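Peer 1: One structure, as C-alpha cells, below. Some questions next.
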Amino acid sequence: ADIRTAMKDHVQFNFDMFDDEDCVEKNPARGASPMKLRLLHRSPPVLAIDNFFTDEECDEYVGLSSQDDTSGDGALKVDSKTFSMSLATRTSTTWFLTYRQVPTLLAKASHLLADLPIDRVEEPQLVRYKTGEQFTYHYDSLPNEELDRNGGQRVATLLVYLRTIEEGRGGATEFRDLRDGSGNTLSMRPTKGSALLFFPAFGDGRADDRTLHKGEIAVDEKMIGQIWVHQAKYTAAVPEGTSHLLAQDAVAEKRKELGYDSIV
C-alpha cells in the first residue's frame, strides 16, 4: 500500500508482479531467485529491486563492453559526459549499446513498468567507474530546451548494479537531499544483480529536483547497466543503425523465456 501511494503520480508500475504482503516476486523465472521490492524513500519514491538480474545476466551484460560497433550491432565506447550546461563532473567510460544486445534488460524493465513500450527507452548503457572515478551531484531530468526534441522528459531511471562493492569501498548512489529511516543521507551500495529505480520527473513531465544524486568515488571498479524512460516515443541515435524495432523479436522471445505473458 505504501509503494502504491508513493507511485501514484509517476510512471505506471506493475504491482501485480509482487506479493502484496512481502513485496516478493510471485512468479520468478525458472532457476532464478525472486525479485524483492523495497521502498527506500517515499516522496519522492526511490525503489530497490533485489535479484533484478541473475549473476549470469550481470556477467553477460558486462561482457558487452568487449563488443565494438564495427559489426553494426555492437557497443559504442565513449568517455562519459553530461549536458553542456551541467556543472557536474563525470569521470567514467560509457558503452552505448544497441537495443538488440540487451533483450533481458528491456524485457524485465518493460514488464516492471506495466508493459511499457520499449520505444520509450533511451539508448541502453553500460557504465564503468575505475578506481578514483565518480559522477558528482547531478539531475537526470533533461534541461527545458531539450524537451521538445525527442520523447519529452525522462520520467524514470533504472540502474542495475553488475558487481558488488563492499561497504566502505565507495561507488554508492547517493541522494543529497533525501534521508533514510535513520536520518542519514539516502544511498544504495552496489550489490550484484540489484537495481535502483527512481524518477527524475513526475508522470506529467514536471522535473523533480529532489532527486539530485551522485555516484560516489569508486575505490573498487564499479559497473552498471542503465536506461532512462521517456514520456513518449524516443528515437535512438547511437550506435549507428540501432533501433527499437530491430530488438522487438529478441525482447518478445526473452519475455516468453521469463514467463511474461504480455507482448511488447
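Chains: A, B, ... in order of the C-alpha cells. Residues: from 1 per chain. Ligands: from 1, in order shown.
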Mind dumping a table of every segment 144-179 of chain A residue within 8 Å of segment 227-231 of chain A, with the nearest atom pair and its distance in Å to one decimal, using only C-alpha atoms, sorted by chain and rising number, as a tab-separated table?
Peer 2:
residue	atom	partner	partner_atom	distance
A:Gly151	CA	A:His230	CA	5.6
A:Gly152	CA	A:Gln231	CA	5.5
A:Gln153	CA	A:His230	CA	5.6
A:Arg154	CA	A:His230	CA	4.4
A:Val155	CA	A:His230	CA	5.5
A:Ala156	CA	A:Val229	CA	5.1
A:Thr157	CA	A:Trp228	CA	4.7
A:Leu158	CA	A:Ile227	CA	5.5
A:Leu159	CA	A:Ile227	CA	6.8
Peer 1: Select from segment 48-259 of chain A everything DSSP, run on the backbone, classes as strand (DSSP E), then give the selection as a ChimeraX atom specification.
Peer 2: /A:48-50,76-79,93-96,125-129,135-138,154-161,173-179,185-188,195-198,213-215,222-230
Peer 1: Can I get the residues of segment 117-213 of chain A within 12 Å of segment 239-250 of chain A, each with the closest pair of atoms and their distance in Å to one decimal, using only C-alpha atoms, sorted chain first then ascending number, as JSON lines?
Peer 2:
{"residue": "A:Pro117", "atom": "CA", "partner": "A:His244", "partner_atom": "CA", "distance": 9.5}
{"residue": "A:Ile118", "atom": "CA", "partner": "A:His244", "partner_atom": "CA", "distance": 6.6}
{"residue": "A:Asp119", "atom": "CA", "partner": "A:His244", "partner_atom": "CA", "distance": 5.7}
{"residue": "A:Arg120", "atom": "CA", "partner": "A:His244", "partner_atom": "CA", "distance": 9.0}
{"residue": "A:Val121", "atom": "CA", "partner": "A:His244", "partner_atom": "CA", "distance": 8.5}
{"residue": "A:Glu122", "atom": "CA", "partner": "A:His244", "partner_atom": "CA", "distance": 9.6}
{"residue": "A:Glu123", "atom": "CA", "partner": "A:Pro239", "partner_atom": "CA", "distance": 8.5}
{"residue": "A:Pro124", "atom": "CA", "partner": "A:Pro239", "partner_atom": "CA", "distance": 10.2}
{"residue": "A:Gln125", "atom": "CA", "partner": "A:Pro239", "partner_atom": "CA", "distance": 10.7}
Peer 1: Go ahead and dump the residues you just picked, C-alpha atoms, as a PDB file, in the first residue's frame.
Peer 2:
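The new file selection.pdb reads:
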ATOM      1  CA  PRO A 117       6.572   0.083 -24.837  1.00  0.00           C
ATOM      2  CA  ILE A 118      10.297  -0.271 -25.384  1.00  0.00           C
ATOM      3  CA  ASP A 119      10.254   2.639 -27.851  1.00  0.00           C
ATOM      4  CA  ARG A 120      10.124   4.975 -24.845  1.00  0.00           C
ATOM      5  CA  VAL A 121      13.520   3.769 -23.652  1.00  0.00           C
ATOM      6  CA  GLU A 122      16.667   5.812 -24.297  1.00  0.00           C
ATOM      7  CA  GLU A 123      19.777   4.055 -25.584  1.00  0.00           C
ATOM      8  CA  PRO A 124      20.848   1.365 -23.061  1.00  0.00           C
ATOM      9  CA  GLN A 125      24.231   1.969 -21.495  1.00  0.00           C
TER      10      GLN A 125
END
Peer 1: Can you list every residue in segment 48-154 of chain A that DSSP puts in helix (DSSP H, G or I), as an MDAnalysis selection string?
Peer 2: chainID A and resid 55:66 69:71 99:101 103:112 118:120 144:146
Peer 1: Write out, as a PDB file, in the first residue's frame, the residues just selected, with C-alpha atoms.
Peer 2:
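The new file again_33.pdb reads:
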ATOM      1  CA  ASP A  55      24.708 -13.407 -11.688  1.00  0.00           C
ATOM      2  CA  GLU A  56      24.839 -14.849 -15.200  1.00  0.00           C
ATOM      3  CA  GLU A  57      22.833 -11.942 -16.613  1.00  0.00           C
ATOM      4  CA  CYS A  58      25.184  -9.483 -14.929  1.00  0.00           C
ATOM      5  CA  ASP A  59      28.251 -11.188 -16.387  1.00  0.00           C
ATOM      6  CA  GLU A  60      26.672 -11.286 -19.840  1.00  0.00           C
ATOM      7  CA  TYR A  61      25.914  -7.564 -19.674  1.00  0.00           C
ATOM      8  CA  VAL A  62      29.468  -6.702 -18.566  1.00  0.00           C
ATOM      9  CA  GLY A  63      30.745  -8.773 -21.472  1.00  0.00           C
ATOM     10  CA  LEU A  64      29.065  -6.418 -23.938  1.00  0.00           C
ATOM     11  CA  SER A  65      31.929  -3.980 -23.355  1.00  0.00           C
ATOM     12  CA  SER A  66      34.119  -6.242 -25.493  1.00  0.00           C
ATOM     13  CA  ASP A  69      30.453  -1.292 -33.170  1.00  0.00           C
ATOM     14  CA  THR A  70      32.392  -2.391 -36.261  1.00  0.00           C
ATOM     15  CA  SER A  71      29.948  -5.241 -36.883  1.00  0.00           C
ATOM     16  CA  TYR A  99      18.636  -2.453 -28.119  1.00  0.00           C
ATOM     17  CA  ARG A 100      19.104  -5.849 -29.727  1.00  0.00           C
ATOM     18  CA  GLN A 101      22.082  -6.541 -27.438  1.00  0.00           C
ATOM     19  CA  PRO A 103      16.785  -8.141 -24.534  1.00  0.00           C
ATOM     20  CA  THR A 104      16.894  -9.252 -20.885  1.00  0.00           C
ATOM     21  CA  LEU A 105      17.159  -5.700 -19.569  1.00  0.00           C
ATOM     22  CA  LEU A 106      14.415  -4.455 -21.873  1.00  0.00           C
ATOM     23  CA  ALA A 107      12.078  -7.376 -21.165  1.00  0.00           C
ATOM     24  CA  LYS A 108      12.435  -7.033 -17.393  1.00  0.00           C
ATOM     25  CA  ALA A 109      12.216  -3.237 -17.380  1.00  0.00           C
ATOM     26  CA  SER A 110       9.173  -3.221 -19.639  1.00  0.00           C
ATOM     27  CA  HIS A 111       7.399  -5.814 -17.507  1.00  0.00           C
ATOM     28  CA  LEU A 112       8.261  -3.975 -14.293  1.00  0.00           C
ATOM     29  CA  ILE A 118      10.297  -0.271 -25.384  1.00  0.00           C
ATOM     30  CA  ASP A 119      10.254   2.639 -27.851  1.00  0.00           C
ATOM     31  CA  ARG A 120      10.124   4.975 -24.845  1.00  0.00           C
ATOM     32  CA  ASN A 144      13.937  22.603 -20.657  1.00  0.00           C
ATOM     33  CA  GLU A 145      15.498  23.376 -24.031  1.00  0.00           C
ATOM     34  CA  GLU A 146      15.863  19.631 -24.701  1.00  0.00           C
TER      35      GLU A 146
END
Peer 1: What's around Ile224 of chain A at 12 Å? Count only C-alpha atoms, leave out sequence neighbours fewer than 4 positions away in its own chain, and write the answer as an MDAnalysis selection string.
Peer 2: chainID A and resid 53 58:59 61:65 92:95 105 124:130 158:165 171:173 189:196 215
Peer 1: Work out how far atom CA of Gly170 of chain A is from atom CA of Ile3 of chain A, in Å to one decimal.
Peer 2: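 Atom-to-atom, atom CA of Ile3 of chain A and atom CA of Gly170 of chain A are spaced 28.4 Å apart.
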Peer 1: What does the structure give for the distance between atom CA of Lys256 of chain A and atom CA of Ser33 of chain A, in Å to one decimal?
Peer 2: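 Atom CA of Lys256 of chain A sits 17.7 Å away from atom CA of Ser33 of chain A.
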Peer 1: Just give me the gap between atom CA of Asp9 of chain A and atom CA of Tyr234 of chain A in Å, one decimal is fine.
Peer 2: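 Those two atoms sit 21.4 Å apart.
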Peer 1: Taking into account only C-alpha atoms, which residue in the set A:Thr211, A:Thr235, A:Asn184, A:Gln67 is nearest to Asn150 of chain A?
Peer 2: A:Thr235
Peer 1: Counting only C-alpha atoms, which residue out of A:Leu116, A:Leu142, A:Ala32, A:Leu76 sits closest to Gly259 of chain A?
Peer 2: A:Ala32
Peer 1: Using only C-alpha atoms, can you tell me which of A:Pro45, A:Arg30, A:Lys233, A:Lys77 comes closest to Arg4 of chain A?
Peer 2: A:Pro45
Peer 1: Please determine, counting only C-alpha atoms, which residue among A:Arg149, A:Ala252, A:Arg90, A:Val46 has the shortest atom-to-atom distance to Met7 of chain A.
Peer 2: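 Smallest distance to Met7 of chain A is found for A:Val46.
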Peer 1: Would you mind telling me which residue in A:Lys214, A:Phe198, A:Phe175, A:Asp2 lies nearest to Ala88 of chain A when using only C-alpha atoms?
Peer 2: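 Among A:Lys214, A:Phe198, A:Phe175, A:Asp2, it is A:Lys214 that comes nearest to Ala88 of chain A.
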Peer 1: Could you check which of A:Thr91, A:His41, A:Tyr260, A:Ala232 is closest to Arg210 of chain A, using only C-alpha atoms?
Peer 2: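 Among the listed residues, A:His41 lies closest to Arg210 of chain A.
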